[in-house]
Amino acid sequence: MADDLFNSFMTGPDENGRFGDFGGRFVSETLMPLILELQEQYDLAKTDDSFWAEMHDLWTHYVGRPSPLYYADRLTQHLGGAKIYLKRDELNHTGAHKINNVLGQIILARRMGKTRIIAETGAGQHGVATATVCAKFGLKCVVYMGAHDVERQAPNVFRMRLLGAEVVPVTSGRGTLKDAMNDALRDWVTNVRDTFYCIGTVAGPHPYPAMVRDFQSIIGKEVRSQMMEAEGRLPDTVIAAIGGGSNAMGLFYPFLDDQDVSIIGVEAGGKGVNAKMEHCASLTGGRPGVLHGNRTYLLQDDDGQILEGFSISAGLDYPGIGPEHAWLHDIGRAQYVSITDIEALEAFQLSCTLEGIIPALEPSHALAHVMKIAPELPRDHLLCMNMCGRGDKDIFTVAKALKFDMSEGD
Amino acid sequence: MSRIDEKFAQLRSTGTKAFVAYVMAGDPDFDTSLEIVRGLPQAGVDIIELGLPFTDPMADGPTIQLAGQRALEGGMTLSRTLDLARAFRETDQSTPIVLMGYYNPIYSRGVDRFLKDAKEAGIDGLIIVDLPPEEDSELCLPAQAAGLNFIRLATPTTDDKRLPRVMQNTSGFVYYVSITGITGAAEADAGDVAPEVARIQKAGNLPVIVGFGVNTPQKAQAIASVADGVVVGSAIVSQIAQGQSPADVLAFVKTLADGAHRA
């Protein structure tokens with residue numbers, strides 16, 4: 001841990017919600033009082049033992065935490081370098097890390113007396129997690145989802161409807177995650193009294209980036225103790241995929257002050273990070289701007305108009321990134337790289353055939369980078385990757401990309 | 001004294017309520033938009049609210065979202081928006097122009113450069129939806145220092161405890177958002193609005209203009225009668241969306257202005 005607290009990377013954000021120059025509260029006046037109330041209530045909850053007792057009880061008995069830390073034996077042998085561990089957050093109830101955060105926000109919403117929950121979703125994993133927890137607690141749930149994503153993530157749309165949620169297809173913009181977030185904010189501004197906005201990633205106005213990070217940090221905390229148990233020391237490298245960046249922030253945060261631990265975030269490079277901007281790599285291919293309540297790196301044109309991202313993975317298809325990642329990037333504490341659709345598809349298949357794990361397309365990006373770096377690393381290098389979601393939702397997209405006709409059967 | 005202050009002094013002296021019209025710069029194209037904006041003072045508009053197009057207008061309903069998309073598709077930018085204001089100023093030196101939009105295009109250009117260019121183009125005030133008092137150091141304070149009014153939104157969720165903070169660095173006028181919601185969605189109710197306007201007038205020495213949910217001459221009159229003025233946006237933008245000629249759009253604007261001025 002840090003010897004000198006002044007140099008700690010774990011003290012952010014400041015009282016204005018800033019991580020360095022990033023973050024903040026760029027919202028309309030209508031929402032400002034709501035955000036201040038949320039901050040007040042979250043500050044009370046996070047120092048309340050009964051809040052965390054309820055979280056841990058549900059994490060254990062409803063979600064299935066702790067998720068295993070799994071030594072990927074054949075993958076390690078195949079790549080011939082670093083010892084690869086997978087944090088199995090895809091084994092959580094609902095199939096991804098998203099529910100870690102949703103539980104926290106819904107318990108908070110209940111404490112605040114809110115009866116209606118709204119959420120945005122891209123791949124549908126956050127929407128499914130929100131619909132699930134709302135069903136469990138008998139809360140009304142409305143999920144905004146880009147019309148394009150409704151189409152390419154049909155199984156998750158059906159799941160949400162089975163769970164009793166109303167799914168609203170969003171047609172503004174190009175109909176992806178960014179547009180869904182706009183419409184969720186428009187809903188919130190309209191229904192200020194009874195509605196709680198459950199944001200699915202470490203973005204949005206303060207306190208969301210810090211709050212979502214705190215809820216997802218269970219991932220990194222578990223990895224610390226599980227790796228100590230397995231290897232008697234901390235990992236050398238932790239690595240995770242990034243859209244908004246919540247699974248990555250959850251893994252990274254507990255390691256920020258361990259200077260010997262390398263931290264790598266993997267963005268969606270789409271068709272390649274180049275001038276055509278057919279990617280979602282905000283840090284590699286964007287610049288600072290203000291959107292959805294916070295200042296962060298954004299894909300934008302010269303006029304400050306926001307560009308639509310492009311990725312095979314609906315969950316990474318967002319033109320921004322959480323402000324804490326933007327800050328970690330600028331100060332150099334974490335390294336950010338990008339992986340193309342094609343590389344992610346290769347990793348997807350490798351995970352299926354070598355480890356018997358069908359990964360979501362999001363962590364397939366992280367795995368693709370593991371494939372690049374692991375062979376060059378020594379055999380005693382401990383590399384931990386967050387397998388943050390399972391791929392059931394993606395099989396249609398992958399079949400299409402691999403030109404496999406699903407109607408044929410075998 | 002800013003053009004906005006002068007305009008309110010003049011309206012006060014005749015006991016007239018202010019009529020503020022919103023149009024999106026460059027909707028449906030630059031030339032048509034300029035023709036409409038140039039005709040607004042003659043149609044009875046006291047203050048022009050010029051929309052700055054943005055891809056992600058989070059406080060706006062479909063009508064203004066689509067207007068922004070039309071403008072952007074037609075090549076509108078922040079620079080072209082300032083060009084439009086500059087062209088308007090060639091023929092009108094007295095009607096205040098308030099630029100209304102979102103922060104990112106301004107941030108992207110650089111605040112200092114933007115303020116210099118906006119002032120030079122004849123912009124008088126700014127309404128930037130996603131800059132609450134908590135972010136005053138970003139643009140509000142530099143804008144005031146550069147001689148531009150920074151007009152704040154007050155809303156039904158702005159309670160008495162918060163109101164002083166909202167009033168603190170506001171100048172020109174206060175824009176009271178009559179509903180919780182987005183532009184062009186619900187209808188404003190004069191009965192609900194009246195006590196809120198009185199509360200805000202008491203909290204500061206500024207005119208209070210009411211917008212969101214005003215779409216007919218009758219509604220404009222009813223709302224203006226309980227405030228210092230009224231804004232109409234989506235109803236005018238709808239006319240442009242339907243492909244009405246500038247003359248027809250302006251004729252419609254005149255009915256709204258007449259309604260407000262009867263108050």
# chains A, B, ... in the order shown; residues from 1 in each chain; ligands from 1

$ select_by_dssp --residues "region 136-197 of chain A" --states "alpha helix (DSSP H)" --output "ChimeraX atom specification"
/A:136-137,147-152,154-162,177-190

$ residues_around --residues "Thr216 (chain B)" --least-positions-apart "3" --cutoff "9 Å" --atoms "only C-alpha atoms" --output "MDAnalysis selection string"
chainID B and resid 219:221 232 235 255:256 259

$ write_last_selection --atoms "N, CA, C and O atoms" --output "compact mmCIF listing (two decimals), in the first residue's frame"
# COMPACT_ATOMS: atom_id res chain seq x y z
N LYS B 219 -52.10 30.56 -24.48
CA LYS B 219 -51.20 30.10 -23.43
C LYS B 219 -50.11 31.13 -23.18
O LYS B 219 -49.74 31.40 -22.03
N ALA B 220 -49.61 31.73 -24.26
CA ALA B 220 -48.57 32.75 -24.13
C ALA B 220 -49.09 33.92 -23.31
O ALA B 220 -48.40 34.46 -22.43
N GLN B 221 -50.33 34.31 -23.58
CA GLN B 221 -50.93 35.42 -22.82
C GLN B 221 -51.10 35.06 -21.35
O GLN B 221 -50.75 35.82 -20.45
N VAL B 232 -41.53 30.86 -26.39
CA VAL B 232 -42.10 29.77 -27.17
C VAL B 232 -41.01 29.23 -28.08
O VAL B 232 -40.31 29.99 -28.75
N ALA B 235 -43.24 24.99 -30.55
CA ALA B 235 -44.39 25.27 -31.42
C ALA B 235 -43.93 25.98 -32.70
O ALA B 235 -44.45 25.72 -33.79
N THR B 255 -48.75 35.87 -34.10
CA THR B 255 -49.94 35.58 -33.27
C THR B 255 -49.52 35.29 -31.83
O THR B 255 -50.20 35.68 -30.88
N LEU B 256 -48.37 34.61 -31.68
CA LEU B 256 -47.87 34.30 -30.32
C LEU B 256 -47.44 35.58 -29.61
O LEU B 256 -47.75 35.81 -28.43
N GLY B 259 -50.29 37.56 -28.52
CA GLY B 259 -50.86 36.96 -27.31
C GLY B 259 -50.09 37.40 -26.08
O GLY B 259 -50.68 37.88 -25.09

$ interface_residues --of "chain A" --to "chain B" --cutoff "9 Å" --atoms "only C-alpha atoms" --output "PyMOL selection string"
chain A and resi 16+24-34+172-173+178-179+181-183+185-192+288-293+302-307

$ residues_around --residues "Leu50 (chain B)" --least-positions-apart "5" --cutoff "12 Å" --atoms "only C-alpha atoms" --output "number ranges by chain"
B: 20-27, 33-34, 36-38, 40, 64, 68, 78, 81-82, 84-85, 88, 96-101, 122-128, 231-233, 237

$ closest_residue --among "A:Asp236, A:Glu308, A:Asp89, A:Glu267" --to "Cys388 (chain A)" --atoms "only C-alpha atoms"
A:Asp89

$ select_by_dssp --residues "region 134-178 of chain B" --states "strand (DSSP E or B)" --output "list of chain:residue names"
B:Asn149, B:Phe150, B:Arg152, B:Leu153, B:Ala154, B:Val174, B:Tyr175, B:Tyr176, B:Val177

$ write_last_selection --atoms "all heavy atoms" --output "mmCIF file, in the first residue's frame"
data_model
loop_
_atom_site.group_PDB
_atom_site.id
_atom_site.type_symbol
_atom_site.label_atom_id
_atom_site.label_comp_id
_atom_site.auth_asym_id
_atom_site.auth_seq_id
_atom_site.Cartn_x
_atom_site.Cartn_y
_atom_site.Cartn_z
ATOM 1 N N ASN B 149 -24.235 38.209 -20.761
ATOM 2 C CA ASN B 149 -25.125 37.772 -19.679
ATOM 3 C C ASN B 149 -25.132 36.249 -19.635
ATOM 4 O O ASN B 149 -25.090 35.585 -20.667
ATOM 5 C CB ASN B 149 -26.556 38.275 -19.915
ATOM 6 C CG ASN B 149 -26.682 39.763 -19.617
ATOM 7 O OD1 ASN B 149 -27.212 40.521 -20.414
ATOM 8 N ND2 ASN B 149 -26.175 40.190 -18.476
ATOM 9 N N PHE B 150 -25.168 35.717 -18.413
ATOM 10 C CA PHE B 150 -25.322 34.269 -18.253
ATOM 11 C C PHE B 150 -26.671 34.036 -17.598
ATOM 12 O O PHE B 150 -26.883 34.393 -16.441
ATOM 13 C CB PHE B 150 -24.179 33.682 -17.415
ATOM 14 C CG PHE B 150 -24.060 32.189 -17.553
ATOM 15 C CD1 PHE B 150 -23.282 31.629 -18.553
ATOM 16 C CD2 PHE B 150 -24.744 31.337 -16.699
ATOM 17 C CE1 PHE B 150 -23.171 30.249 -18.694
ATOM 18 C CE2 PHE B 150 -24.646 29.957 -16.838
ATOM 19 C CZ PHE B 150 -23.856 29.413 -17.833
ATOM 20 N N ARG B 152 -29.621 31.894 -16.180
ATOM 21 C CA ARG B 152 -29.737 30.614 -15.499
ATOM 22 C C ARG B 152 -31.151 30.074 -15.624
ATOM 23 O O ARG B 152 -32.114 30.823 -15.713
ATOM 24 C CB ARG B 152 -29.441 30.829 -14.022
ATOM 25 C CG ARG B 152 -29.299 29.585 -13.251
ATOM 26 C CD ARG B 152 -27.920 29.026 -13.253
ATOM 27 N NE ARG B 152 -27.033 29.872 -12.498
ATOM 28 C CZ ARG B 152 -25.716 29.790 -12.565
ATOM 29 N NH1 ARG B 152 -25.154 28.933 -13.368
ATOM 30 N NH2 ARG B 152 -24.971 30.575 -11.845
ATOM 31 N N LEU B 153 -31.257 28.761 -15.606
ATOM 32 C CA LEU B 153 -32.561 28.124 -15.528
ATOM 33 C C LEU B 153 -32.915 27.908 -14.057
ATOM 34 O O LEU B 153 -32.076 27.492 -13.269
ATOM 35 C CB LEU B 153 -32.532 26.763 -16.229
ATOM 36 C CG LEU B 153 -32.101 26.751 -17.697
ATOM 37 C CD1 LEU B 153 -31.991 25.317 -18.194
ATOM 38 C CD2 LEU B 153 -33.092 27.522 -18.563
ATOM 39 N N ALA B 154 -34.149 28.231 -13.706
ATOM 40 C CA ALA B 154 -34.697 27.809 -12.412
ATOM 41 C C ALA B 154 -35.834 26.841 -12.747
ATOM 42 O O ALA B 154 -36.488 26.983 -13.782
ATOM 43 C CB ALA B 154 -35.225 28.996 -11.628
ATOM 44 N N VAL B 174 -33.947 35.570 -15.553
ATOM 45 C CA VAL B 174 -33.980 34.173 -15.121
ATOM 46 C C VAL B 174 -34.992 33.460 -16.002
ATOM 47 O O VAL B 174 -36.069 33.975 -16.283
ATOM 48 C CB VAL B 174 -34.400 34.036 -13.643
ATOM 49 C CG1 VAL B 174 -34.402 32.567 -13.215
ATOM 50 C CG2 VAL B 174 -33.485 34.852 -12.756
ATOM 51 N N TYR B 175 -34.615 32.272 -16.456
ATOM 52 C CA TYR B 175 -35.492 31.472 -17.297
ATOM 53 C C TYR B 175 -36.146 30.434 -16.392
ATOM 54 O O TYR B 175 -35.479 29.524 -15.921
ATOM 55 C CB TYR B 175 -34.649 30.809 -18.384
ATOM 56 C CG TYR B 175 -35.396 30.051 -19.469
ATOM 57 C CD1 TYR B 175 -35.084 30.261 -20.810
ATOM 58 C CD2 TYR B 175 -36.390 29.121 -19.169
ATOM 59 C CE1 TYR B 175 -35.730 29.551 -21.824
ATOM 60 C CE2 TYR B 175 -37.046 28.435 -20.167
ATOM 61 C CZ TYR B 175 -36.711 28.646 -21.494
ATOM 62 O OH TYR B 175 -37.353 27.946 -22.484
ATOM 63 N N TYR B 176 -37.445 30.597 -16.135
ATOM 64 C CA TYR B 176 -38.125 29.603 -15.306
ATOM 65 C C TYR B 176 -38.695 28.493 -16.183
ATOM 66 O O TYR B 176 -39.527 28.741 -17.063
ATOM 67 C CB TYR B 176 -39.235 30.229 -14.454
ATOM 68 C CG TYR B 176 -39.923 29.171 -13.598
ATOM 69 C CD1 TYR B 176 -39.221 28.536 -12.581
ATOM 70 C CD2 TYR B 176 -41.239 28.794 -13.836
ATOM 71 C CE1 TYR B 176 -39.814 27.533 -11.820
ATOM 72 C CE2 TYR B 176 -41.848 27.800 -13.080
ATOM 73 C CZ TYR B 176 -41.123 27.169 -12.077
ATOM 74 O OH TYR B 176 -41.711 26.178 -11.331
ATOM 75 N N VAL B 177 -38.237 27.279 -15.941
ATOM 76 C CA VAL B 177 -38.717 26.102 -16.666
ATOM 77 C C VAL B 177 -40.020 25.661 -15.994
ATOM 78 O O VAL B 177 -40.020 25.238 -14.847
ATOM 79 C CB VAL B 177 -37.655 24.981 -16.614
ATOM 80 C CG1 VAL B 177 -38.165 23.716 -17.290
ATOM 81 C CG2 VAL B 177 -36.357 25.438 -17.267
#

$ residues_around --residues "region 206-210 of chain B" --least-positions-apart "6" --cutoff "9 Å" --atoms "only C-alpha atoms" --output "VMD selection string"
chain B and resid 8 18 to 20 167 170 to 178 193 197 to 198 200 223 to 224 227 to 232

$ residues_around --residues "Ala143 (chain B)" --least-positions-apart "2" --cutoff "9 Å" --atoms "only C-alpha atoms" --output "ChimeraX atom specification"
/B:111-112,115,125-126,139-141,145-150

$ write_last_selection --atoms "N, CA and C atoms" --output "PDB file, in the first residue's frame"
ATOM      1  N   VAL B 111     -13.109  28.027 -24.284  1.00  0.00           N
ATOM      2  CA  VAL B 111     -14.007  29.027 -23.709  1.00  0.00           C
ATOM      3  C   VAL B 111     -13.585  30.455 -24.069  1.00  0.00           C
ATOM      4  N   ASP B 112     -12.311  30.772 -23.935  1.00  0.00           N
ATOM      5  CA  ASP B 112     -11.864  32.160 -24.191  1.00  0.00           C
ATOM      6  C   ASP B 112     -12.099  32.564 -25.641  1.00  0.00           C
ATOM      7  N   LEU B 115     -15.854  33.023 -26.261  1.00  0.00           N
ATOM      8  CA  LEU B 115     -16.436  34.256 -25.699  1.00  0.00           C
ATOM      9  C   LEU B 115     -16.082  35.463 -26.559  1.00  0.00           C
ATOM     10  N   GLY B 125     -26.248  37.032 -24.625  1.00  0.00           N
ATOM     11  CA  GLY B 125     -26.364  36.191 -23.437  1.00  0.00           C
ATOM     12  C   GLY B 125     -26.262  34.729 -23.798  1.00  0.00           C
ATOM     13  N   LEU B 126     -26.064  33.930 -22.758  1.00  0.00           N
ATOM     14  CA  LEU B 126     -25.928  32.483 -22.953  1.00  0.00           C
ATOM     15  C   LEU B 126     -26.867  31.745 -22.014  1.00  0.00           C
ATOM     16  N   LEU B 139     -17.772  28.371 -17.398  1.00  0.00           N
ATOM     17  CA  LEU B 139     -18.159  29.330 -18.433  1.00  0.00           C
ATOM     18  C   LEU B 139     -18.883  30.544 -17.870  1.00  0.00           C
ATOM     19  N   CYS B 140     -19.681  30.349 -16.820  1.00  0.00           N
ATOM     20  CA  CYS B 140     -20.514  31.436 -16.307  1.00  0.00           C
ATOM     21  C   CYS B 140     -19.660  32.644 -15.903  1.00  0.00           C
ATOM     22  N   LEU B 141     -18.663  32.414 -15.063  1.00  0.00           N
ATOM     23  CA  LEU B 141     -17.861  33.533 -14.578  1.00  0.00           C
ATOM     24  C   LEU B 141     -17.031  34.174 -15.696  1.00  0.00           C
ATOM     25  N   ALA B 145     -17.417  38.078 -17.093  1.00  0.00           N
ATOM     26  CA  ALA B 145     -16.229  38.940 -17.192  1.00  0.00           C
ATOM     27  C   ALA B 145     -16.065  39.480 -18.604  1.00  0.00           C
ATOM     28  N   ALA B 146     -16.498  38.697 -19.595  1.00  0.00           N
ATOM     29  CA  ALA B 146     -16.362  39.125 -20.993  1.00  0.00           C
ATOM     30  C   ALA B 146     -17.524  40.014 -21.430  1.00  0.00           C
ATOM     31  N   GLY B 147     -18.464  40.277 -20.521  1.00  0.00           N
ATOM     32  CA  GLY B 147     -19.560  41.181 -20.839  1.00  0.00           C
ATOM     33  C   GLY B 147     -20.767  40.516 -21.469  1.00  0.00           C
ATOM     34  N   LEU B 148     -20.872  39.190 -21.313  1.00  0.00           N
ATOM     35  CA  LEU B 148     -22.066  38.490 -21.788  1.00  0.00           C
ATOM     36  C   LEU B 148     -22.926  38.132 -20.589  1.00  0.00           C
ATOM     37  N   ASN B 149     -24.235  38.209 -20.761  1.00  0.00           N
ATOM     38  CA  ASN B 149     -25.125  37.772 -19.679  1.00  0.00           C
ATOM     39  C   ASN B 149     -25.132  36.249 -19.635  1.00  0.00           C
ATOM     40  N   PHE B 150     -25.168  35.717 -18.413  1.00  0.00           N
ATOM     41  CA  PHE B 150     -25.322  34.269 -18.253  1.00  0.00           C
ATOM     42  C   PHE B 150     -26.671  34.036 -17.598  1.00  0.00           C
TER      43      PHE B 150
END

$ residues_around --residues "Gln239 (chain B)" --least-positions-apart "2" --cutoff "12 Å" --atoms "only C-alpha atoms" --output "PyMOL selection string"
chain B and resi 23+27-28+36+63-64+67+215+233-237+241-253

$ residues_around --residues "Phe255 (chain A)" --least-positions-apart "6" --cutoff "9 Å" --atoms "only C-alpha atoms" --output "list in words"
Met1, Gly220, Lys221, Arg224, Val238, Val261, Ser262 and Ile263 of chain A

$ atom_distance --atom1 "CA of Glu54 (chain A)" --atom2 "CA of Glu362 (chain A)"
29.4 Å

$ closest_residue --among "A:Lys271, A:Arg233, A:His97, A:Arg213" --to "Pro254 (chain A)" --atoms "only C-alpha atoms"
A:Arg213

$ atom_distance --atom1 "CA of Pro235 (chain A)" --atom2 "CA of Leu383 (chain A)"
6.0 Å
